[in-house]
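File shown here: entry03.pdb, holding PDB, C-alpha atoms and all ligand atoms.
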ATOM      1  CA  MET A  96     -16.188 -18.391 -25.127  1.00  0.00           C
ATOM      2  CA  SER A  97     -12.972 -18.614 -23.160  1.00  0.00           C
ATOM      3  CA  VAL A  98     -12.131 -15.852 -20.743  1.00  0.00           C
ATOM      4  CA  GLN A  99      -8.788 -14.085 -20.976  1.00  0.00           C
ATOM      5  CA  GLN A 100      -6.405 -14.859 -18.109  1.00  0.00           C
ATOM      6  CA  VAL A 101      -4.092 -12.370 -16.410  1.00  0.00           C
ATOM      7  CA  ASN A 102      -1.039 -12.894 -14.217  1.00  0.00           C
ATOM      8  CA  VAL A 103      -1.429 -12.463 -10.491  1.00  0.00           C
ATOM      9  CA  PHE A 104       0.967 -12.888  -7.591  1.00  0.00           C
ATOM     10  CA  ILE A 105      -0.790 -13.875  -4.366  1.00  0.00           C
ATOM     11  CA  CYS A 106       0.950 -12.548  -1.255  1.00  0.00           C
ATOM     12  CA  LYS A 107       1.769 -14.567   1.818  1.00  0.00           C
ATOM     13  CA  ILE A 108       2.403 -12.118   4.628  1.00  0.00           C
ATOM     14  CA  ASN A 109       4.454 -12.717   7.754  1.00  0.00           C
ATOM     15  CA  ARG A 110       5.686 -10.503  10.546  1.00  0.00           C
ATOM     16  CA  ALA A 111       9.371  -9.707  10.058  1.00  0.00           C
ATOM     17  CA  THR A 112      11.691 -10.148  13.022  1.00  0.00           C
ATOM     18  CA  GLU A 113      13.661  -7.025  12.056  1.00  0.00           C
ATOM     19  CA  PRO A 114      12.884  -3.862  10.080  1.00  0.00           C
ATOM     20  CA  ILE A 115      13.027  -4.380   6.310  1.00  0.00           C
ATOM     21  CA  GLU A 116      15.344  -1.721   4.907  1.00  0.00           C
ATOM     22  CA  ASN A 117      15.377  -2.583   1.206  1.00  0.00           C
ATOM     23  CA  MET A 118      13.214  -1.312  -1.625  1.00  0.00           C
ATOM     24  CA  VAL A 119      11.184  -4.504  -1.788  1.00  0.00           C
ATOM     25  CA  LEU A 120       7.507  -5.305  -1.473  1.00  0.00           C
ATOM     26  CA  LYS A 121       6.523  -4.994   2.185  1.00  0.00           C
ATOM     27  CA  ILE A 122       3.720  -3.949   4.498  1.00  0.00           C
ATOM     28  CA  GLY A 123       4.137  -1.782   7.600  1.00  0.00           C
ATOM     29  CA  GLY A 124       7.313  -0.510   9.213  1.00  0.00           C
ATOM     30  CA  SER A 125       8.979   2.561   7.709  1.00  0.00           C
ATOM     31  CA  PRO A 126       8.957   3.306   3.994  1.00  0.00           C
ATOM     32  CA  VAL A 127      12.284   2.771   2.214  1.00  0.00           C
ATOM     33  CA  PHE A 128      12.475   5.668  -0.237  1.00  0.00           C
ATOM     34  CA  SER A 129      15.098   6.460  -2.855  1.00  0.00           C
ATOM     35  CA  GLU A 130      14.794  10.153  -2.054  1.00  0.00           C
ATOM     36  CA  LYS A 131      13.233  12.102   0.774  1.00  0.00           C
ATOM     37  CA  PRO A 132       9.648  13.145   0.075  1.00  0.00           C
ATOM     38  CA  ASP A 133       7.398  15.387   2.153  1.00  0.00           C
ATOM     39  CA  TRP A 134       5.555  13.123   4.595  1.00  0.00           C
ATOM     40  CA  PRO A 135       1.913  12.978   3.430  1.00  0.00           C
ATOM     41  CA  ILE A 136      -0.604  14.958   5.484  1.00  0.00           C
ATOM     42  CA  CYS A 137      -4.365  14.344   5.413  1.00  0.00           C
ATOM     43  CA  LYS A 138      -6.073  17.168   3.494  1.00  0.00           C
ATOM     44  CA  GLN A 139      -9.215  16.660   5.582  1.00  0.00           C
ATOM     45  CA  CYS A 140      -7.858  16.679   9.173  1.00  0.00           C
ATOM     46  CA  GLY A 141      -4.216  17.731   8.902  1.00  0.00           C
ATOM     47  CA  GLN A 142      -2.749  14.639  10.617  1.00  0.00           C
ATOM     48  CA  ASN A 143       0.330  12.817   9.388  1.00  0.00           C
ATOM     49  CA  MET A 144      -0.747   9.800   7.387  1.00  0.00           C
ATOM     50  CA  ASP A 145       0.256   6.223   8.262  1.00  0.00           C
ATOM     51  CA  PHE A 146       2.534   4.320   5.914  1.00  0.00           C
ATOM     52  CA  LEU A 147       0.764   1.111   4.841  1.00  0.00           C
ATOM     53  CA  ALA A 148       2.859  -0.610   2.174  1.00  0.00           C
ATOM     54  CA  GLN A 149       5.440  -0.234  -0.603  1.00  0.00           C
ATOM     55  CA  ILE A 150       4.933  -1.983  -3.921  1.00  0.00           C
ATOM     56  CA  PRO A 151       7.500  -2.436  -6.731  1.00  0.00           C
ATOM     57  CA  LEU A 152       6.086  -1.392 -10.116  1.00  0.00           C
ATOM     58  CA  SER A 153       8.727  -3.045 -12.296  1.00  0.00           C
ATOM     59  CA  ASP A 154       8.917  -6.546 -10.857  1.00  0.00           C
ATOM     60  CA  PRO A 155       7.406  -9.169 -10.854  1.00  0.00           C
ATOM     61  CA  ILE A 156       4.824  -7.416 -13.067  1.00  0.00           C
ATOM     62  CA  PRO A 157       6.149  -4.499 -15.163  1.00  0.00           C
ATOM     63  CA  PHE A 158       3.311  -2.030 -14.569  1.00  0.00           C
ATOM     64  CA  SER A 159       5.359   1.102 -15.167  1.00  0.00           C
ATOM     65  CA  LYS A 160       8.088   2.289 -17.518  1.00  0.00           C
ATOM     66  CA  THR A 161       8.563   5.467 -15.516  1.00  0.00           C
ATOM     67  CA  TYR A 162       8.340   4.626 -11.807  1.00  0.00           C
ATOM     68  CA  GLN A 163       9.799   1.755  -9.821  1.00  0.00           C
ATOM     69  CA  MET A 164       8.091   1.996  -6.440  1.00  0.00           C
ATOM     70  CA  ALA A 165       4.678   3.004  -5.107  1.00  0.00           C
ATOM     71  CA  TYR A 166       4.303   3.945  -1.417  1.00  0.00           C
ATOM     72  CA  ILE A 167       0.787   3.750   0.011  1.00  0.00           C
ATOM     73  CA  PHE A 168      -0.256   6.128   2.819  1.00  0.00           C
ATOM     74  CA  MET A 169      -3.585   6.637   4.577  1.00  0.00           C
ATOM     75  CA  CYS A 170      -4.862   8.973   7.301  1.00  0.00           C
ATOM     76  CA  PRO A 171      -5.382   7.113  10.622  1.00  0.00           C
ATOM     77  CA  GLY A 172      -8.696   9.019  10.658  1.00  0.00           C
ATOM     78  CA  SER A 173     -10.318  11.609  12.862  1.00  0.00           C
ATOM     79  CA  PHE A 174     -13.590  10.562  14.496  1.00  0.00           C
ATOM     80  CA  ASP A 175     -16.652  12.504  15.661  1.00  0.00           C
ATOM     81  CA  GLN A 176     -18.333  12.128  19.116  1.00  0.00           C
ATOM     82  CA  ARG A 177     -20.302   9.137  17.833  1.00  0.00           C
ATOM     83  CA  GLY A 178     -17.042   7.474  16.816  1.00  0.00           C
ATOM     84  CA  TRP A 179     -17.727   7.857  13.102  1.00  0.00           C
ATOM     85  CA  LEU A 180     -14.801   8.214  10.750  1.00  0.00           C
ATOM     86  CA  GLN A 181     -14.641  11.789   9.436  1.00  0.00           C
ATOM     87  CA  CYS A 182     -11.819  11.453   6.903  1.00  0.00           C
ATOM     88  CA  GLU A 183     -12.867   9.839   3.629  1.00  0.00           C
ATOM     89  CA  THR A 184      -9.904   7.458   3.586  1.00  0.00           C
ATOM     90  CA  TRP A 185     -11.787   5.118   1.189  1.00  0.00           C
ATOM     91  CA  ASP A 186     -12.031   7.755  -1.537  1.00  0.00           C
ATOM     92  CA  PRO A 187      -9.279   7.898  -4.201  1.00  0.00           C
ATOM     93  CA  VAL A 188      -9.522  11.696  -4.520  1.00  0.00           C
ATOM     94  CA  SER A 189     -10.423  12.810  -0.975  1.00  0.00           C
ATOM     95  CA  GLY A 190      -6.867  13.729   0.036  1.00  0.00           C
ATOM     96  CA  ALA A 191      -7.220  11.376   3.046  1.00  0.00           C
ATOM     97  CA  ASN A 192      -4.875   8.866   1.426  1.00  0.00           C
ATOM     98  CA  LYS A 193      -1.855   9.240  -0.831  1.00  0.00           C
ATOM     99  CA  VAL A 194       0.400   7.190  -3.086  1.00  0.00           C
ATOM    100  CA  ILE A 195       3.943   8.421  -3.706  1.00  0.00           C
ATOM    101  CA  LEU A 196       5.803   7.230  -6.825  1.00  0.00           C
ATOM    102  CA  GLN A 197       9.602   7.092  -6.935  1.00  0.00           C
ATOM    103  CA  ASN A 198      12.474   5.685  -9.008  1.00  0.00           C
ATOM    104  CA  TYR A 199      15.510   3.739  -7.877  1.00  0.00           C
ATOM    105  CA  THR A 200      18.473   6.063  -7.436  1.00  0.00           C
ATOM    106  CA  GLY A 201      20.940   3.565  -6.005  1.00  0.00           C
ATOM    107  CA  THR A 202      20.560   5.050  -2.548  1.00  0.00           C
ATOM    108  CA  THR A 203      17.880   4.625   0.089  1.00  0.00           C
ATOM    109  CA  PHE A 204      16.291   7.045   2.518  1.00  0.00           C
ATOM    110  CA  ILE A 205      14.458   5.743   5.580  1.00  0.00           C
ATOM    111  CA  PRO A 206      12.582   8.377   7.613  1.00  0.00           C
ATOM    112  CA  GLU A 207      13.744   8.600  11.224  1.00  0.00           C
ATOM    113  CA  THR A 208      10.236   8.810  12.632  1.00  0.00           C
ATOM    114  CA  VAL A 209       9.594   5.431  14.213  1.00  0.00           C
ATOM    115  CA  SER A 210       6.682   3.727  12.537  1.00  0.00           C
ATOM    116  CA  GLU A 211       3.785   2.728  14.724  1.00  0.00           C
ATOM    117  CA  TYR A 212       3.491  -0.613  12.992  1.00  0.00           C
ATOM    118  CA  PRO A 213       5.957  -3.490  12.571  1.00  0.00           C
ATOM    119  CA  ASP A 214       7.292  -4.730   9.247  1.00  0.00           C
ATOM    120  CA  TYR A 215       5.694  -7.615   7.412  1.00  0.00           C
ATOM    121  CA  PHE A 216       7.544  -9.415   4.646  1.00  0.00           C
ATOM    122  CA  VAL A 217       5.767 -10.812   1.641  1.00  0.00           C
ATOM    123  CA  THR A 218       6.368 -13.935  -0.392  1.00  0.00           C
ATOM    124  CA  LEU A 219       4.650 -14.313  -3.752  1.00  0.00           C
ATOM    125  CA  THR A 220       2.944 -17.229  -5.455  1.00  0.00           C
ATOM    126  CA  ARG A 221       2.319 -16.876  -9.174  1.00  0.00           C
ATOM    127  CA  SER A 222      -1.137 -17.719 -10.479  1.00  0.00           C
ATOM    128  CA  LYS A 223      -3.725 -16.648 -13.076  1.00  0.00           C
ATOM    129  CA  GLU A 224      -7.072 -14.915 -12.719  1.00  0.00           C
ATOM    130  CA  PRO A 225      -9.856 -14.534 -15.262  1.00  0.00           C
ATOM    131  CA  LEU A 226     -10.155 -10.990 -16.637  1.00  0.00           C
ATOM    132  CA  ILE A 227     -13.682 -10.389 -15.319  1.00  0.00           C
ATOM    133  CA  ASP A 228     -15.597  -7.621 -13.587  1.00  0.00           C
ATOM    134  CA  THR A 229     -16.076  -9.172 -10.133  1.00  0.00           C
ATOM    135  CA  ALA A 230     -18.934  -6.755  -9.412  1.00  0.00           C
ATOM    136  CA  ASP A 231     -20.925  -8.178 -12.345  1.00  0.00           C
ATOM    137  CA  TYR A 232     -23.521 -10.497 -10.783  1.00  0.00           C
ATOM    138  CA  LYS A 233     -23.988 -12.276 -14.131  1.00  0.00           C
ATOM    139  CA  ILE A 234     -20.487 -13.774 -13.908  1.00  0.00           C
ATOM    140  CA  GLU A 235     -20.619 -17.459 -13.016  1.00  0.00           C
ATOM    141  CA  ASP A 236     -19.635 -18.375  -9.452  1.00  0.00           C
ATOM    142  CA  ASP A 237     -16.910 -20.830 -10.442  1.00  0.00           C
ATOM    143  CA  LEU A 238     -15.169 -18.080 -12.434  1.00  0.00           C
ATOM    144  CA  HIS A 239     -15.708 -15.485  -9.711  1.00  0.00           C
ATOM    145  CA  ASP A 240     -14.336 -17.856  -7.045  1.00  0.00           C
ATOM    146  CA  ILE A 241     -10.942 -18.015  -8.797  1.00  0.00           C
ATOM    147  CA  VAL A 242     -10.357 -14.322  -8.054  1.00  0.00           C
ATOM    148  CA  SER A 243      -8.441 -13.952  -4.785  1.00  0.00           C
ATOM    149  CA  ASP A 244      -9.758 -11.721  -2.004  1.00  0.00           C
ATOM    150  CA  LYS A 245      -6.284 -11.700  -0.408  1.00  0.00           C
ATOM    151  CA  THR A 246      -3.427  -9.244  -0.783  1.00  0.00           C
ATOM    152  CA  LYS A 247      -2.068  -9.598  -4.311  1.00  0.00           C
ATOM    153  CA  ILE A 248      -0.086  -7.928  -7.075  1.00  0.00           C
ATOM    154  CA  GLY A 249      -1.855  -7.847 -10.424  1.00  0.00           C
ATOM    155  CA  GLY A 250      -4.863  -9.937 -11.324  1.00  0.00           C
ATOM    156  CA  VAL A 251      -8.260  -8.272 -11.101  1.00  0.00           C
ATOM    157  CA  PRO A 252      -9.780  -6.325  -8.208  1.00  0.00           C
ATOM    158  CA  LEU A 253     -12.157  -8.332  -6.028  1.00  0.00           C
ATOM    159  CA  TRP A 254     -14.853  -5.681  -5.551  1.00  0.00           C
ATOM    160  CA  LEU A 255     -16.858  -5.957  -2.316  1.00  0.00           C
ATOM    161  CA  GLN A 256     -19.326  -3.334  -3.527  1.00  0.00           C
ATOM    162  CA  THR A 257     -19.709  -1.931  -7.037  1.00  0.00           C
ATOM    163  CA  ASN A 258     -16.930  -1.684  -9.619  1.00  0.00           C
ATOM    164  CA  GLU A 259     -15.256   1.592  -8.677  1.00  0.00           C
ATOM    165  CA  THR A 260     -12.351   1.508 -11.142  1.00  0.00           C
ATOM    166  CA  PRO A 261     -11.262   5.154 -11.039  1.00  0.00           C
ATOM    167  CA  LYS A 262     -10.322   7.572 -13.799  1.00  0.00           C
ATOM    168  CA  CYS A 263      -6.915   9.196 -13.487  1.00  0.00           C
ATOM    169  CA  PRO A 264      -7.337  12.204 -11.148  1.00  0.00           C
ATOM    170  CA  VAL A 265      -4.860  14.191 -13.296  1.00  0.00           C
ATOM    171  CA  CYS A 266      -5.646  13.383 -16.963  1.00  0.00           C
ATOM    172  CA  ASN A 267      -9.032  11.643 -16.557  1.00  0.00           C
ATOM    173  CA  GLY A 268      -7.655   8.707 -18.586  1.00  0.00           C
ATOM    174  CA  ALA A 269      -7.955   4.963 -17.980  1.00  0.00           C
ATOM    175  CA  MET A 270      -6.192   3.360 -15.035  1.00  0.00           C
ATOM    176  CA  ILE A 271      -4.744  -0.130 -14.626  1.00  0.00           C
ATOM    177  CA  PHE A 272      -5.154  -2.269 -11.537  1.00  0.00           C
ATOM    178  CA  VAL A 273      -1.859  -2.742  -9.689  1.00  0.00           C
ATOM    179  CA  ALA A 274      -2.514  -4.346  -6.321  1.00  0.00           C
ATOM    180  CA  GLN A 275      -4.995  -5.253  -3.654  1.00  0.00           C
ATOM    181  CA  LEU A 276      -4.438  -5.060   0.126  1.00  0.00           C
ATOM    182  CA  ASP A 277      -6.460  -7.315   2.400  1.00  0.00           C
ATOM    183  CA  ALA A 278      -7.173  -5.551   5.716  1.00  0.00           C
ATOM    184  CA  GLU A 279      -6.588  -8.777   7.592  1.00  0.00           C
ATOM    185  CA  LEU A 280      -2.921  -9.685   7.453  1.00  0.00           C
ATOM    186  CA  ASP A 281      -2.433 -13.376   6.916  1.00  0.00           C
ATOM    187  CA  GLY A 282       0.684 -13.900   8.972  1.00  0.00           C
ATOM    188  CA  SER A 283       0.676 -15.627  12.309  1.00  0.00           C
ATOM    189  CA  LEU A 284       0.727 -13.570  15.473  1.00  0.00           C
ATOM    190  CA  PRO A 285       3.757 -13.787  17.762  1.00  0.00           C
ATOM    191  CA  ALA A 286       3.577 -16.713  20.216  1.00  0.00           C
ATOM    192  CA  GLN A 287       2.919 -14.312  23.102  1.00  0.00           C
ATOM    193  CA  PHE A 288       0.846 -11.466  21.838  1.00  0.00           C
ATOM    194  CA  THR A 289      -0.543  -8.345  23.469  1.00  0.00           C
ATOM    195  CA  ASN A 290      -3.571  -6.226  22.609  1.00  0.00           C
ATOM    196  CA  LYS A 291      -1.166  -3.924  20.786  1.00  0.00           C
ATOM    197  CA  ASP A 292      -0.093  -6.882  18.643  1.00  0.00           C
ATOM    198  CA  LEU A 293      -3.725  -7.548  17.821  1.00  0.00           C
ATOM    199  CA  GLU A 294      -4.099  -3.934  16.772  1.00  0.00           C
ATOM    200  CA  TYR A 295      -0.976  -4.250  14.624  1.00  0.00           C
ATOM    201  CA  TYR A 296      -2.421  -7.368  13.137  1.00  0.00           C
ATOM    202  CA  ASN A 297      -5.371  -5.386  11.834  1.00  0.00           C
ATOM    203  CA  PHE A 298      -3.703  -2.036  11.233  1.00  0.00           C
ATOM    204  CA  LEU A 299      -5.047  -1.747   7.705  1.00  0.00           C
ATOM    205  CA  HIS A 300      -8.201   0.095   8.754  1.00  0.00           C
ATOM    206  CA  PHE A 301     -10.467  -0.447   5.776  1.00  0.00           C
ATOM    207  CA  GLY A 302     -13.802  -0.246   7.590  1.00  0.00           C
ATOM    208  CA  GLY A 303     -13.160  -3.467   9.498  1.00  0.00           C
ATOM    209  CA  ASP A 304     -10.976  -6.485   8.955  1.00  0.00           C
ATOM    210  CA  ASP A 305     -12.961  -7.689   5.936  1.00  0.00           C
ATOM    211  CA  GLY A 306     -12.089  -4.533   3.966  1.00  0.00           C
ATOM    212  CA  ILE A 307      -9.963  -4.489   0.816  1.00  0.00           C
ATOM    213  CA  GLY A 308      -7.758  -1.667  -0.513  1.00  0.00           C
ATOM    214  CA  TYR A 309      -7.066  -1.147  -4.238  1.00  0.00           C
ATOM    215  CA  VAL A 310      -4.175   0.567  -6.048  1.00  0.00           C
ATOM    216  CA  PHE A 311      -4.530   1.873  -9.620  1.00  0.00           C
ATOM    217  CA  LEU A 312      -1.963   3.496 -11.936  1.00  0.00           C
ATOM    218  CA  CYS A 313      -2.692   5.859 -14.840  1.00  0.00           C
ATOM    219  CA  LYS A 314      -2.250   3.851 -18.047  1.00  0.00           C
ATOM    220  CA  ARG A 315      -0.430   6.766 -19.684  1.00  0.00           C
ATOM    221  CA  GLU A 316       1.618   7.411 -16.514  1.00  0.00           C
ATOM    222  CA  CYS A 317       0.796  11.069 -17.118  1.00  0.00           C
ATOM    223  CA  THR A 318       2.453  12.429 -13.952  1.00  0.00           C
ATOM    224  CA  SER A 319       3.621  11.184 -10.539  1.00  0.00           C
ATOM    225  CA  GLU A 320       0.115  12.080  -9.280  1.00  0.00           C
ATOM    226  CA  GLY A 321      -1.468   9.621 -11.706  1.00  0.00           C
ATOM    227  CA  ILE A 322      -1.898   6.873  -9.095  1.00  0.00           C
ATOM    228  CA  THR A 323      -4.688   6.191  -6.623  1.00  0.00           C
ATOM    229  CA  PHE A 324      -5.633   4.232  -3.507  1.00  0.00           C
ATOM    230  CA  GLN A 325      -9.162   3.457  -2.319  1.00  0.00           C
ATOM    231  CA  TRP A 326     -10.920   0.811  -0.219  1.00  0.00           C
ATOM    232  CA  GLN A 327     -14.244  -0.979   0.171  1.00  0.00           C
ATOM    233  CA  CYS A 328     -15.757  -3.086   2.938  1.00  0.00           C
ATOM    234  CA  THR A 329     -18.826  -5.300   3.194  1.00  0.00           C
TER     235      THR A 329
HETATM  236 ZN    ZN B   1      -7.626  12.721   8.174  1.00  0.00          ZN
HETATM  237 ZN    ZN B   2      -3.208  10.263 -15.943  1.00  0.00          ZN
END

What does this structure look like when you write it as structure tokens?
Amino acid sequence: MSVQQVNVFICKINRATEPIENMVLKIGGSPVFSEKPDWPICKQCGQNMDFLAQIPLSDPIPFSKTYQMAYIFMCPGSFDQRGWLQCETWDPVSGANKVILQNYTGTTFIPETVSEYPDYFVTLTRSKEPLIDTADYKIEDDLHDIVSDKTKIGGVPLWLQTNETPKCPVCNGAMIFVAQLDAELDGSLPAQFTNKDLEYYNFLHFGGDDGIGYVFLCKRECTSEGITFQWQCT
């Protein structure tokens, strides 16, 4: 039996020399909105969330008929005396992360607050992945190995733990997989780098630099809240 193939765009990520101020796929820097939203605040600790990435939902894969851009935010985390993360940033419904959906309006709005992290630009390579459940241990290795563990748009989620495909938090309906964020950015570090650069390099705090974040969109696109972010680590 042949396995169905799905389109995937594997991301090559490099530090940008200047802020990216267009509504394109990017990681870090400041979000480029079409209209000013309220900056997301962690429901568990009250801190401002960090902006992680913005992902087009119409191109190269037309995920949405209603929304053109998804903006991923996550709480930097509050930690107890033992240094344990208190905010459940991995959980799609904890309120410790947030995805904002917007449409193109022809104008852009870039928040004035200076982002803590530099911009990374992304170039895409088109490929195919088998439509498999990567958490299913019965799947053959050679099929499983085709599924990328890197940052990508489309394809299938490379689960590090169990298959945690969520239900829509609004309508409880099915969700489609949109993108995966690898905690370890692939781009090269600047020639002369500082400890701060190293921290930037691993600013996607998904339980360590082997973590992976996952974005899902409500299949029905029920409301602008019908989108989720979550992460797993080994
Ligand atoms: Zn928090
Ligand atoms: Zn929904």

Would you pick out the contacts of range 220-234 of chain A at 6 Å or less, using only C-alpha atoms, so that residues sharing its chain but fewer than 2 positions from it are not included, and give the list as a list in words?
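Result of the neighbour search: Gln99, Gln100, Val101, Asn102, Val103, Phe104, Ile105, Val242, Gly250, Leu253, Trp254, Thr257 and Asn258 of chain A.
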
Could you give me, as CSV, a per-residue list for chain A showing, wherever an atom lies at most 9 Å from an atom of ligand ZN 2 (chain B), the closest pair of atoms and their distance in Å to one decimal, using only C-alpha atoms and all ligand atoms and sorting by chain then residue number from low to high?
residue,atom,partner,partner_atom,distance
A:Lys262,CA,B:ZN2,ZN,7.9
A:Cys263,CA,B:ZN2,ZN,4.6
A:Pro264,CA,B:ZN2,ZN,6.6
A:Val265,CA,B:ZN2,ZN,5.0
A:Cys266,CA,B:ZN2,ZN,4.1
A:Asn267,CA,B:ZN2,ZN,6.0
A:Gly268,CA,B:ZN2,ZN,5.4
A:Ala269,CA,B:ZN2,ZN,7.4
A:Met270,CA,B:ZN2,ZN,7.6
A:Leu312,CA,B:ZN2,ZN,8.0
A:Cys313,CA,B:ZN2,ZN,4.6
A:Lys314,CA,B:ZN2,ZN,6.8
A:Arg315,CA,B:ZN2,ZN,5.8
A:Glu316,CA,B:ZN2,ZN,5.6
A:Cys317,CA,B:ZN2,ZN,4.2
A:Thr318,CA,B:ZN2,ZN,6.4
A:Ser319,CA,B:ZN2,ZN,8.8
A:Glu320,CA,B:ZN2,ZN,7.7
A:Gly321,CA,B:ZN2,ZN,4.6
A:Ile322,CA,B:ZN2,ZN,7.8

Take the PyMOL selection byres (((not hetatm)) within 7 of (chain B and resi 1)), run it mentally on this structure, and tell me the resulting residues as a ChimeraX atom specification.
/A:137-142,170-173,182,191

Please return the centre and edge lengths, in Å to one decimal, of a box with edges along x, y and z that contains all listed atoms of range 158-177 of chain A, widened by 4 Å on every side, as lines of an AutoDock Vina configuration file.
center_x = -5.3
center_y = 5.2
center_z = 0.8
size_x = 38.1
size_y = 22.5
size_z = 44.6

Evaluate the PyMOL selection byres (((chain A and resi 135) around 8) and not hetatm) here and jot the selected residues down as JSON, numbers by chain.
{"A": [133, 134, 136, 137, 143, 144, 168, 193]}

Using all atoms listed in the file, the shortest atom-to-atom distance to Thr184 in chain A among A:Thr218, A:Ser159, A:Gln325, A:Thr200 belongs to A:Gln325

Work out how far apart CA of Glu116 in chain A and CA of Ile205 in chain A are and give it in Å to one decimal.
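Separation between CA of Glu116 in chain A and CA of Ile205 in chain A: 7.5 Å.
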